[in-house]
Amino acid sequence: KAGVTQTPRYLIKTRGQQVTLSCSPISGHRSVSWYQQTPGQGLQFLFEYFSETQRNKGNFPGRFSGRQFSNSRSEMNVSTLELGDSALYLCASSLGGSGGNEKLFFGSGTQLSVL
Amino acid sequence: GQNIDQPTEMTATEGAIVQINCTYQTSGFNGLFWYQQHAGEAPTFLSYNVLDGLEEKGRFSSFLSRSKGYSYLLLKELQMKDSASYLCAVRDIRGGGNKLTFGTGTQLKVEL
């Protein structure tokens with residue numbers, strides 16, 4: 001069974017640009033979550049999608065958005081990039097339950113550098 | 001909100017035992033997870049606790065005390081490959097869905 005796939009692996013952008021990151025979950029998984037990881041802050045929750053609907057949202061500005069398609073694949077978009085957006089963006093998938101021992105399976109992430 | 005604290009760095013010797021502590025504050029606790037993350041790689045699931053007590057899985061064990069808001073991850077017979085960041089994460093039932101709140105991670109270095 002293939003794991004969570006994120007593309008691209010690395011990305012370099014300049015301030016003011018926008019970027020779209022892609023995530024393909026494990027087959028059969030219906031929930032996709034996005035996290036931002038930085039050395040100082042650790043993993044910060046961005047949002048979660050389930051059945052094409054945003055089920056949960058973190059405390060990030062509106063420049064960060066996402067969506068999920070009918071095949072459970074997800075994209076996240078960051079508009080008007082700032083230097084502080086430089087981070088590793090991790091996608092995680094799960095079956096879709098909302099509790100218990102529902103485990104997250106992470107992709108290797110997209111390393112975004114904003115110059 | 002939630003607050004999760006764990007040590008930033010720890011160093012241990014190959015073959016030894018190390019305990020990584022995690023304390024948390026949340027009013028809607030619904031489970032605690034430990035993940036391992038090697039540099040440049042995806043975090044991988046290690047353990048899950050929702051009831052008080054010890055969960056053992058091979059060389060790794062995880063303990064939870066809900067009344068104290070405290071957990072630890074115990075690694076036995078340390079190997080060089082155990083050098084990694086260990087992430088403590090809590091699920092809050094109020095958030096709904098599958099949101100996890102992570103600590104900043106403990107960087108473990110295993111030396112000869």
# chains A, B, ... in the order shown; residues from 1 in each chain; ligands from 1
>>> residues_around(residues="Leu87 of chain B", least_positions_apart="6", cutoff="6 Å", atoms="only C-alpha atoms", output="PDB file with C-alpha atoms, in the first residue's frame")
ATOM      1  CA  TRP B  34       3.971   9.776  20.363  1.00  0.00           C
ATOM      2  CA  TYR B  35       5.588  10.112  16.962  1.00  0.00           C
ATOM      3  CA  GLY B 105       9.633  17.761  19.980  1.00  0.00           C
TER       4      GLY B 105
END
>>> interface_residues(of="chain B", to="chain A", cutoff="9 Å", atoms="only C-alpha atoms", output="VMD selection string")
chain B and resid 30 to 33 40 to 45 48 to 50 87 91 to 93 95 to 105
>>> atom_distance(atom1="atom CA of Gln107 of chain B", atom2="atom CA of Pro7 of chain B")
8.2 Å
>>> closest_residue(among="B:Tyr70, B:Phe63, B:Tyr86, B:Phe29", to="Leu46 of chain B", atoms="only C-alpha atoms")
B:Tyr86
>>> residues_around(residues="Cys23 of chain A", least_positions_apart="4", cutoff="7 Å", atoms="only C-alpha atoms", output="ChimeraX atom specification")
/A:5-7,73-75,91
>>> select_by_dssp(residues="chain B", states="strand (DSSP E)", output="ChimeraX atom specification")
/B:3-5,9-13,18-25,29-37,44-49,53-57,60-65,70-75,84-92,100-102,106-111
>>> closest_residue(among="B:Ala16, B:Ala39, B:Ile4, B:Met10", to="Ser71 of chain B", atoms="only C-alpha atoms")
B:Ile4
>>> residues_around(residues="Glu14 of chain B", least_positions_apart="5", cutoff="12 Å", atoms="only C-alpha atoms", output="PyMOL selection string")
chain B and resi 75-83+108-112
>>> closest_residue(among="B:Ser47, B:Ala84, B:Glu56, B:Gln6", to="Tyr24 of chain B", atoms="only C-alpha atoms")
B:Gln6
>>> closest_residue(among="B:His38, B:Arg94, B:Arg66, B:Arg59", to="Ile17 of chain B", atoms="only C-alpha atoms")
B:Arg59
>>> decode(residues="chain A", atoms="C-alpha atoms", output="CSV table (one decimal), in the first residue's frame")
chain,number,residue,atom,x,y,z
A,1,LYS,CA,0.0,0.0,0.0
A,2,ALA,CA,1.5,3.3,-1.0
A,3,GLY,CA,2.0,5.9,1.7
A,4,VAL,CA,1.1,9.5,1.7
A,5,THR,CA,2.6,11.3,-1.3
A,6,GLN,CA,3.4,15.0,-1.3
A,7,THR,CA,4.6,17.0,-4.2
A,8,PRO,CA,6.7,18.9,-4.9
A,9,ARG,CA,9.4,17.9,-2.4
A,10,TYR,CA,11.2,21.2,-2.5
A,11,LEU,CA,10.0,24.6,-3.6
A,12,ILE,CA,11.6,28.1,-3.8
A,13,LYS,CA,9.4,31.1,-4.2
A,14,THR,CA,9.8,34.9,-3.7
A,15,ARG,CA,7.8,37.2,-1.5
A,16,GLY,CA,4.4,38.1,-2.9
A,17,GLN,CA,4.1,35.0,-5.0
A,18,GLN,CA,1.6,32.2,-4.3
A,19,VAL,CA,2.1,28.5,-4.1
A,20,THR,CA,0.1,25.3,-4.3
A,21,LEU,CA,1.1,22.1,-2.6
A,22,SER,CA,-0.4,18.7,-3.3
A,23,CYS,CA,-1.1,15.7,-1.2
A,24,SER,CA,-2.3,12.2,-2.1
A,25,PRO,CA,-3.5,10.2,0.9
A,26,ILE,CA,-3.2,6.5,1.5
A,27,SER,CA,-5.8,4.7,-0.5
A,28,GLY,CA,-9.1,4.4,1.5
A,29,HIS,CA,-8.2,7.3,3.8
A,30,ARG,CA,-10.8,10.1,3.6
A,31,SER,CA,-9.3,12.6,6.0
A,32,VAL,CA,-6.4,14.9,5.1
A,33,SER,CA,-4.7,17.3,7.5
A,34,TRP,CA,-2.1,19.9,6.9
A,35,TYR,CA,0.6,21.0,9.3
A,36,GLN,CA,3.3,23.6,9.2
A,37,GLN,CA,6.6,22.6,10.8
A,38,THR,CA,9.3,25.1,11.8
A,39,PRO,CA,12.3,24.6,14.1
A,40,GLY,CA,11.0,27.0,16.7
A,41,GLN,CA,7.3,26.2,16.7
A,42,GLY,CA,7.2,22.5,15.9
A,43,LEU,CA,4.1,21.2,14.1
A,44,GLN,CA,1.3,23.7,13.8
A,45,PHE,CA,-2.1,22.6,12.6
A,46,LEU,CA,-3.4,24.3,9.5
A,47,PHE,CA,-6.6,22.5,8.6
A,48,GLU,CA,-8.3,19.2,8.1
A,49,TYR,CA,-10.5,18.1,5.2
A,50,PHE,CA,-12.9,15.2,5.3
A,51,SER,CA,-15.2,14.3,2.4
A,52,GLU,CA,-14.4,17.5,0.5
A,53,THR,CA,-15.4,19.6,3.5
A,54,GLN,CA,-13.1,21.5,5.9
A,55,ARG,CA,-13.7,19.9,9.3
A,56,ASN,CA,-11.3,21.8,11.4
A,57,LYS,CA,-9.1,24.9,11.1
A,58,GLY,CA,-6.1,26.2,12.9
A,59,ASN,CA,-5.0,29.8,13.7
A,60,PHE,CA,-3.5,30.8,10.4
A,61,PRO,CA,-4.3,33.8,8.3
A,62,GLY,CA,-6.7,33.6,5.4
A,63,ARG,CA,-3.7,33.5,3.0
A,64,PHE,CA,-3.6,29.8,3.8
A,65,SER,CA,-6.4,27.8,2.2
A,66,GLY,CA,-7.0,24.3,1.1
A,67,ARG,CA,-9.4,22.0,-0.6
A,68,GLN,CA,-10.1,18.3,-1.1
A,69,PHE,CA,-11.2,16.6,-4.1
A,70,SER,CA,-13.7,13.7,-4.5
A,71,ASN,CA,-10.8,11.2,-4.7
A,72,SER,CA,-9.6,12.5,-1.3
A,73,ARG,CA,-6.5,14.2,-2.8
A,74,SER,CA,-5.9,17.6,-1.2
A,75,GLU,CA,-4.2,20.8,-2.1
A,76,MET,CA,-3.2,23.7,0.0
A,77,ASN,CA,-2.5,27.2,-1.3
A,78,VAL,CA,-0.6,30.0,0.2
A,79,SER,CA,-1.1,33.4,-1.4
A,80,THR,CA,1.1,36.6,-1.0
A,81,LEU,CA,4.0,34.6,0.4
A,82,GLU,CA,6.0,36.1,3.3
A,83,LEU,CA,9.5,35.2,4.5
A,84,GLY,CA,7.9,33.7,7.6
A,85,ASP,CA,6.1,31.1,5.5
A,86,SER,CA,9.3,29.3,4.9
A,87,ALA,CA,8.7,25.9,6.5
A,88,LEU,CA,8.2,22.2,6.0
A,89,TYR,CA,4.5,21.6,5.1
A,90,LEU,CA,3.4,18.2,6.1
A,91,CYS,CA,0.3,16.4,5.0
A,92,ALA,CA,-1.3,13.6,7.0
A,93,SER,CA,-4.0,11.2,6.2
A,94,SER,CA,-6.3,9.0,8.3
A,95,LEU,CA,-9.3,6.8,7.8
A,96,GLY,CA,-11.6,9.6,8.8
A,97,GLY,CA,-12.8,8.8,12.3
A,98,SER,CA,-12.9,11.7,14.7
A,99,GLY,CA,-11.6,10.2,17.9
A,100,GLY,CA,-10.2,7.1,19.5
A,101,ASN,CA,-6.9,5.9,18.3
A,102,GLU,CA,-7.3,7.3,14.9
A,103,LYS,CA,-3.7,7.5,13.7
A,104,LEU,CA,-2.3,10.1,11.4
A,105,PHE,CA,0.0,8.9,8.6
A,106,PHE,CA,2.4,11.6,7.4
A,107,GLY,CA,4.0,12.4,4.1
A,108,SER,CA,7.6,13.5,3.8
A,109,GLY,CA,6.5,17.0,3.3
A,110,THR,CA,7.2,19.9,1.0
A,111,GLN,CA,10.1,22.2,2.0
A,112,LEU,CA,9.1,25.7,1.1
A,113,SER,CA,11.7,28.4,1.0
A,114,VAL,CA,10.5,32.0,0.5
A,115,LEU,CA,13.2,34.5,-0.6
